[in-house]
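The next block holds one structure in the form of C-alpha cells; read it before the comments.
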Amino acid sequence: MSRHDRIAIEPLADAAAPATSREAATPAIETRSLTKIYDGGDPIRALDGVDLSIRPGEFVAIAGPSGSGKSTLLHMLGALDRPTGGEVLVEGTPLSSVHDLDRFRSRTVGFVFQTHNLIPTLTIRENVEVPMQEVERSARTRHERASSLLALVGLAGRADALPSQLSGGQRQRVAIARALANEPSVVLADEPTGNLDSRTTDEVLTLLTELNRSRGVTLIVVTHNAQVARTAGRVITLRDGRIQSDVIVDDPLKSDLYAWRASQLGQAVLAGAPVPDVLAPVVDALREAFRRI
Ligand code: ADP
C-alpha cells in the first residue's frame, strides 16, 4: 500500500456503520440547525446552523481559528447558554425541554476549562467534592468518591493539598477529576492544555485518552493544539460559525493535510495562486495530496 493510499479519505463512521447499529445508538450529543447570535450594537452570528451528531464514546476535537465559534458551541452543548435557534439534544433529550438545566448538567456533563477554576481555599479533595453536593447527599460517599477520582488521575497522595501547592499539570488533573465527579457520560473541555508546557500537555492528553477508552466517556475538546487534535478520533473544524470540515482521523498525516487544506495558504494553493518557481514542486505535491484526500 502506498503512502497516498493510506491517506485516502475515510467515510465518516456514521455512513460506514451498518444501518442497524446506526439506527440503534442514540447520539451522545446532537445539534440541529444550532444558531447563536450575540446581540450588541452589531449582532454577531457566532453559530450559524450547525448540524452534528456525536456517538457515545467518541473523542472529538473542535478546531478552527479564533472567533470561529468553538467556545460558543461548547457552551451550547453543555447547556451553559441557550441557543438563539435550533436545538441541542443530549442523549436524545432536547435541552429546550429540560426545566432544571443546572441539575441536568451536573448529572450528565463534566467541564474542564483552560483555567481550571479550582477554589483556592479548599483542598483538592474538597474541590472534587463541590459538584457532588447537588447530587450526592452522603458526605461519606462524596469523600470516598473524591478519593478514588484523585487516585484515578494519579493524585491519591495529594488529596489534602491546596491547589497552590500543586503544579499546573497536577491542577489540571484535579480539574479532570472534578469534571468526573458525578460520573457524567460526556466531558467537555475548552483548551484543557492551553496553559501547559508540551510535557504536561502529553500527560493530560494521556489521561483524557485513557478516560475516553477505559470508561467510554464521550470527550469533546476545543483546541488550537495540533497534538490534541491528532489524538482525537475525529476533528470538526469551524469557520465563521459553520462546520468547515468533519473528519475521522485514522492517520495523523491525513489530519494535518485537512488542516492544511482548510488554511488560508491551502485555499490559495487550491485556487491556483501563483508561487515562486522554487516552491512549485512543493505546491504541486500538495495539490496532488489534496486531490487524494
Ligand atoms: P472561538 O472559541 O472559536 O474563539 P467564540 O465562540 O469565543 O470563538 O466566539 C465566536 C464569535 O462570537 C466571536 O466573534 C466572538 O467575538 C463572539 N462572542 C463570543 N462570546 C460573546 C459574548 N458573550 N458576547 C458577544 N459576542 C461574543
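Simple scheme: letters A, B, ... for chains in C-alpha cells order, numbers from 1 for residues in each chain, numbers from 1 for ligands in the order shown.
Here the DSSP assignment of strand (DSSP E), based on backbone atoms, applies within range 23-79 of chain A to Ile29, Glu30, Thr31, Arg32, Ser33, Leu34, Thr35, Lys36, Ile37, Tyr38, Ile44, Arg45, Ala46, Leu47, Asp48, Gly49, Val50, Asp51, Leu52, Ser53, Ile54, Phe59, Val60, Ala61, Ile62 and Ala63 of chain A.
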Can those selected residues be exported to a file as a CSV table (one decimal), in the first residue's frame so that it contains C-alpha atoms?
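What landed in selection.csv:
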chain,number,residue,atom,x,y,z
A,29,ILE,CA,-24.8,14.8,21.5
A,30,GLU,CA,-26.7,16.1,18.5
A,31,THR,CA,-27.3,19.6,17.2
A,32,ARG,CA,-29.9,20.6,14.7
A,33,SER,CA,-29.5,24.0,12.9
A,34,LEU,CA,-27.9,25.3,16.0
A,35,THR,CA,-27.6,29.1,15.9
A,36,LYS,CA,-26.3,31.6,18.3
A,37,ILE,CA,-26.5,35.3,17.7
A,38,TYR,CA,-25.0,37.6,20.3
A,44,ILE,CA,-22.7,38.6,15.9
A,45,ARG,CA,-23.7,35.3,14.4
A,46,ALA,CA,-21.3,33.1,16.4
A,47,LEU,CA,-23.0,29.8,15.3
A,48,ASP,CA,-24.8,29.6,12.0
A,49,GLY,CA,-26.9,26.5,11.6
A,50,VAL,CA,-24.6,23.8,13.0
A,51,ASP,CA,-25.7,20.2,12.5
A,52,LEU,CA,-23.7,17.5,14.1
A,53,SER,CA,-24.0,14.1,15.7
A,54,ILE,CA,-21.5,12.7,18.2
A,59,PHE,CA,-13.3,11.6,21.3
A,60,VAL,CA,-13.8,14.7,19.2
A,61,ALA,CA,-11.6,17.7,18.8
A,62,ILE,CA,-13.2,21.0,17.8
A,63,ALA,CA,-10.7,23.1,15.9
> Which protein, DNA or RNA residues have an atom within 12 Å of ligand 1, counting only C-alpha atoms and all ligand atoms, as a ChimeraX atom specification?
Replying inline: /A:35-48,62-76,80-82,114,189-191,221-224,236-243
>> Please extract the residues of range 108-182 of chain A with a backbone DSSP assignment of alpha helix (DSSP H) and present them as a ChimeraX atom specification.
In response: /A:108,124-129,139-152,168-179
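Candidate residues A:Val228, A:Val269, A:Ala25, A:Leu166 were compared for distance to Asp202 in chain A, and the nearest is A:Val228, using only C-alpha atoms.
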> From the list A:Arg137, A:Arg173, A:Arg125, A:Arg145, which residue is nearest Ala161 in chain A when using only C-alpha atoms?
Replying inline: A:Arg125
> Which residues, written as a PyMOL selection string, have at least one atom at most 9 Å from Leu89 in chain A, with only C-alpha atoms counted and residues fewer than 2 positions away on the same chain left out?
Replying inline: chain A and resi 27-32+77+87+91-96
Could you build a table of the residues in range 174-232 of chain A lying no more than 9 Å from range 150-153 of chain A, giving for each the nearest pair of atoms and their separation in Å rounded to one decimal place, using only C-alpha atoms, ordered by chain and ascending residue number, as a tab-separated table?
residue	atom	partner	partner_atom	distance
A:Val174	CA	A:Leu150	CA	7.0
A:Ile176	CA	A:Val153	CA	7.7
A:Ala177	CA	A:Leu150	CA	6.1
A:Arg178	CA	A:Leu150	CA	8.7
A:Leu207	CA	A:Val153	CA	7.1
Go ahead and write the residues just picked, N, CA and C atoms, as a compact mmCIF listing (two decimals), in the first residue's frame.
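Contents of out_17.txt, as written:
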# COMPACT_ATOMS: atom_id res chain seq x y z
N VAL A 174 -6.60 17.67 38.65
CA VAL A 174 -7.68 17.83 39.64
C VAL A 174 -8.96 18.28 38.91
N ILE A 176 -9.82 17.63 35.97
CA ILE A 176 -10.40 16.48 35.25
C ILE A 176 -11.14 15.57 36.24
N ALA A 177 -10.53 15.35 37.40
CA ALA A 177 -11.21 14.54 38.43
C ALA A 177 -12.53 15.20 38.81
N ARG A 178 -12.50 16.52 38.96
CA ARG A 178 -13.72 17.25 39.33
C ARG A 178 -14.79 17.11 38.23
N LEU A 207 -4.08 11.12 29.97
CA LEU A 207 -5.14 10.88 30.95
C LEU A 207 -6.52 10.96 30.28
> Do you have the CA of Ser245 in chain A-CA of Leu219 in chain A distance handy?
Replying inline: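 Pair CA of Ser245 in chain A / CA of Leu219 in chain A returns 18.5 Å.
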> What is the CA of Asn127 in chain A-CA of Phe111 in chain A distance in Å, reported with one decimal?
Replying inline: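 CA of Phe111 in chain A lies 13.5 Å from CA of Asn127 in chain A.
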> To one decimal place, how far is CA of Trp260 in chain A from CA of Asp197 in chain A in Å?
Replying inline: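 Straight-line distance from CA of Trp260 in chain A to CA of Asp197 in chain A works out to 24.0 Å.
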>> as a ChimeraX atom specification, please: the residues near Arg171 in chain A (cut-off 12 Å, only C-alpha atoms, same-chain neighbours under 5 positions excluded).
In response: /A:112-120,123-125,127-128,150,153-155,158-159,161-166,176-178,192-193,195-196,200,204
> Closest to Leu188 in chain A among A:Ala175, A:Val135, A:Val109, A:Val130, using only C-alpha atoms?
Replying inline: A:Val109
